[in-house]
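K.L.:
To start, I am sharing the structure in question, which I have written as structure tokens.
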There are 2 protein chains.
Amino acid sequence: MSVLRPQKKKPERSRRKFLAVAAVAGGSVALTSCGNTDDTPVPTGANMRPYGERAPQEKIRRTIRELTASPGTGSSRTPLQDLYGIITPSALHYERHHAGVPAIDPATHTLLIHGLVDKPLVFTLDDIRRFPATSRITFLECGGNSVGEQGGKFPETVQGSHGLLSGAQWTGVPLATVLREVGLKPEAKWMLAEGADACRMARSIPIEKALDPEVLLAYGQNGEALRPENGYPLRLIIPGWEGNTNVKWLRRLHLTDQPAMSSKETGYYTELRPDGKAEMFTFVMEARSVITRPSGGQKLTSHGFHEIVGLAWTGRGKIRQVEVSVDNGKTWAEAELQEPVLPKALTAFRFPWRWNGEETVIQCRCTDETGYLQPTREELIAVRGLYSGYHYNGLRPWRIHATGEVQSA
Amino acid sequence: MSVLRPQKKKPERSRRKFLAVAAVAGGSVALTSCGNTDDTPVPTGANMRPYGERAPQEKIRRTIRELTASPGTGSSRTPLQDLYGIITPSALHYERHHAGVPAIDPATHTLLIHGLVDKPLVFTLDDIRRFPATSRITFLECGGNSVGEQGGKFPETVQGSHGLLSGAQWTGVPLATVLREVGLKPEAKWMLAEGADACRMARSIPIEKALDPEVLLAYGQNGEALRPENGYPLRLIIPGWEGNTNVKWLRRLHLTDQPAMSSKETGYYTELRPDGKAEMFTFVMEARSVITRPSGGQKLTSHGFHEIVGLAWTGRGKIRQVEVSVDNGKTWAEAELQEPVLPKALTAFRFPWRWNGEETVIQCRCTDETGYLQPTREELIAVRGLYSGYHYNGLRPWRIHATGEVQSA
């Protein structure tokens, strides 16, 4: 910032005067004219648009990782280091697809509910929109977010390490309302939710969860229709559960007496325990937090004040506390939580920090309303071993070098 | 919705069987195949994208109204009847411009703060981003929203009548923090905020408000940078005050001992009283609510259950209560407020209703936490006369015809 030399006249009265600008630490500003209005004519601006776009200078983007030769099979990650607040712009919400993004015509798309029900039914989107709806701000995190960290692979940026995480306002009909319409038979204990993507991605949901009033048949995301890559025109939203259970492009709900043992709940999204067995149906995302600024790949360009900001979230309810350490874990101090603090939603936090220019390590940890404290990587490995992979929620320290460069620590 | 005929075999075991579908009231569905997986190969879907777009079938849009021959001078309105929840997608946030949307390079854009200050300063965007920031979900409403209703002009749709209203999550630095940096002289009583649009749109803000910690120098909207039509790269956000004071493309703050009497606070955005004088600096948007579905231009296609939904908001804090009448104002019943109910933010409400097919009038009214009750149009006119224009917040009834058509009432 630059200090202006004190002026003798009030600026309103000096329209035709030029203000000299003194250079101060950090650069100088050539200010050719100022006053109540200035004299340089400015061309009139652009016209209004029916549907806006971001400014051309804005370049932040999801990073795409293809996992197979089949197009659209892989993931794209949210640029957490560049975002603000608890709602991820829909254009930047993370993606994880198992057979690409299907092109679905909402006019003909239907949801079939069958199996152990009194009255199998097929619903159009218009049918579903007739039910009472609700909106809810929640986080969504892929069960495989940070899948490599347990084994010692640390991506360079927070987008790489935590980018399979986003926040949104979802709108839809409580699934329980629609299940009442079909009538569940007493033997119905599980519900297979199946998507309309090419691989018919499907997950089994225990019936108690399917009847939880939080669970939505969602058609709205951040105020408008779901985006294609987020399940357009209909997806299951299960707040706090791993992303994969929030089945996109939802086409079928099959009520059964046992889980379907689909490939995505047997071959994937299971956790190898130290005893060699794999844990299945580990649905809930436990409490987790991460510093998003400053974070890996960024650089502090000056000593002195820096605000440390980040996100915390838990599938168990609300975040109760976030603590930050700026001295390699020796001491911890409480961060300020940004209102609103909503259950099963991203919670933003901030922490004022004065950097003295010395190398250090910064990190955060959170506690949720159940009292659960986010573990260190070492604590997590002691319990789960090195190979459980999914649901990794260890701390993520960042090393600040004396040069200001920030790196995975 | 269509009832499926009960099946003899479990669907998992009948992959190659066809299910017959019985037609019920409302249409029939031809279901050619179903089961745990189906047999028709589905092509793999589209690839991931760095920055997503809405589905091509989605067509909802702002409606544009040009007010002069100069491009971009006018307004565009948010399609409230088509949206969900309390956050308006940035692409559909309302616009009101007085000289179009300027193209600003954020790398060179600066904010000058001068006048009755100890240390006049010029801030770059990087300077501003170094201060501690906060995010806040608020509504923004043009002071001229529904400007014609008082005089008896009732647009056909809620987009036409109330569409200069949107909700967003704004992120930025409390203005008070930055004003502390320049140091206010005791004589500083007003602050002129000036935009970088061609007309240098400017408003005078009383110093008490400028120092309110709620007031932000905002650079973020719904998680990413401000959109060009919402002030990119910097705008003033004054929660609860008329949109026009939330100066876009902010380039200058001038501290003075009296208001600047800019054209937009003398010739516009003032309210003609019945005694012939005009009221100036009527900043706060009072409590208001509207039913967005069903609303003008829509049509109920069946008798029976319909959910009435809408929005309420107040510049005085939180909405305490919304009431709905479905019998032309004879009786009122309380609507359910959608959580979260945030101060100075849009609050969504809903009300279950069974339409018997007879003509009726539906409407809503709200009370805010100060106890203020939204007035009827007649009550408002009794106090303000017919010509005050701005800050109209009367009730908005909708007539449901026996045909199901909904019209301004």
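Naming works like this for the structure tokens: A, B, ... for the chains as they're shown, residue 1 at the start of each chain, ligands 1 onward in shown order.
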With a distance threshold of 6 Å and counting only C-alpha atoms, extract the residues of chain A near chain B and express them as a compact mmCIF listing (two decimals) with C-alpha atoms, in the first residue's frame.

P.N.:
```txt
# COMPACT_ATOMS: atom_id res chain seq x y z
CA MET A 1 0.00 0.00 0.00
CA SER A 2 1.24 3.51 -0.71
CA VAL A 3 0.93 6.60 1.38
CA LEU A 4 -0.41 9.69 -0.34
CA VAL A 42 -14.29 5.89 -19.12
CA PRO A 43 -16.11 3.89 -21.78
CA THR A 44 -19.50 2.53 -20.79
CA GLY A 45 -19.34 -1.10 -19.64
CA ALA A 46 -20.56 -4.42 -20.91
CA ASN A 47 -24.16 -5.39 -21.19
CA MET A 48 -26.12 -7.61 -18.83
CA PRO A 50 -29.03 -13.90 -18.86
CA TYR A 51 -26.59 -16.34 -17.27
CA GLY A 52 -23.28 -14.96 -16.04
CA ARG A 54 -16.67 -15.63 -14.12
CA ALA A 55 -14.17 -12.94 -15.04
CA ARG A 61 -9.67 -25.00 -11.81
CA ARG A 62 -10.18 -28.56 -10.78
CA PRO A 71 -12.92 -41.44 -20.65
CA GLY A 72 -14.28 -39.81 -17.54
CA LEU A 83 -11.74 -20.81 -2.28
CA TYR A 84 -13.64 -18.91 0.41
CA GLY A 85 -16.26 -19.97 2.92
CA ILE A 87 -19.97 -23.42 -0.23
CA THR A 88 -17.95 -24.72 -3.17
CA PRO A 89 -18.96 -23.18 -6.50
CA ALA A 91 -18.33 -25.47 -11.32
CA LEU A 92 -15.51 -26.50 -8.96
CA ALA A 99 -17.71 -44.63 -16.02
CA GLY A 100 -17.86 -40.96 -16.98
CA VAL A 101 -20.68 -38.45 -16.78
CA PRO A 102 -23.83 -39.74 -18.48
CA PRO A 120 -43.31 -50.90 -6.55
CA LEU A 121 -43.36 -47.48 -8.19
CA VAL A 122 -41.68 -45.55 -10.94
CA PHE A 123 -41.27 -41.82 -10.31
CA PRO A 132 -42.31 -31.45 0.25
CA SER A 135 -32.46 -27.70 1.54
CA ALA A 198 -22.55 -46.86 -17.81
CA GLY A 223 -29.87 -23.04 -5.79
CA GLU A 224 -30.29 -24.50 -9.26
CA ARG A 227 -24.71 -30.16 -12.26
CA PRO A 228 -24.19 -33.06 -14.73
CA GLU A 307 -4.03 -15.17 8.62
```

K.L.:
Residues at most 9 Å from Thr266 (chain A), counting only C-alpha atoms, excluding those fewer than 6 positions away in the same chain, as a ChimeraX atom specification?

P.N.:
/A:278,280-281

K.L.:
Compare A:Cys364, A:Val158, A:Ile319, A:Ile205 by their minimum atom-to-atom distance to Glu286 (chain A), counting only C-alpha atoms, and give me the closest one.

P.N.:
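Among the listed residues, A:Ile319 lies closest to Glu286 (chain A).
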
K.L.:
Would you work out the distance separating CA of Gly315 (chain A) from CA of Ala287 (chain A), expressed in Å to one decimal?

P.N.:
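Computing it gives 6.7 Å between the two atoms.
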
K.L.:
Interatomic distance between CA of Leu184 (chain B) and CA of His303 (chain A)?

P.N.:
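Taking CA of Leu184 (chain B) and CA of His303 (chain A), their separation equals 26.7 Å.
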
K.L.:
Select, from B:Gly317, B:Gly183, B:Gly404, B:Gly151, the residue with the minimum atom-to-atom distance to Leu211 (chain B), counting only C-alpha atoms.

P.N.:
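With only C-alpha atoms as the atom set, the closest residue is B:Gly183.
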
K.L.:
Would you compute the distance between CA of Val247 (chain A) and CA of Ala218 (chain A)? Give it in Å to one decimal.

P.N.:
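Rounded to one decimal, the two atoms are 10.3 Å apart.
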
K.L.:
List the neighbours of Phe139 (chain A) out to 6 Å using only C-alpha atoms; skip same-chain residues closer than 6 positions along the sequence, and give me the result as an mmCIF file with C-alpha atoms, in the first residue's frame.

P.N.:
```cif
data_model
loop_
_atom_site.group_PDB
_atom_site.id
_atom_site.type_symbol
_atom_site.label_atom_id
_atom_site.label_comp_id
_atom_site.auth_asym_id
_atom_site.auth_seq_id
_atom_site.Cartn_x
_atom_site.Cartn_y
_atom_site.Cartn_z
ATOM 1 C CA SER A 166 -16.528 -29.853 -1.346
ATOM 2 C CA GLY A 167 -19.450 -28.096 0.293
ATOM 3 C CA ALA A 345 -21.137 -29.049 6.767
ATOM 4 C CA LEU A 346 -17.764 -27.500 6.074
#
```
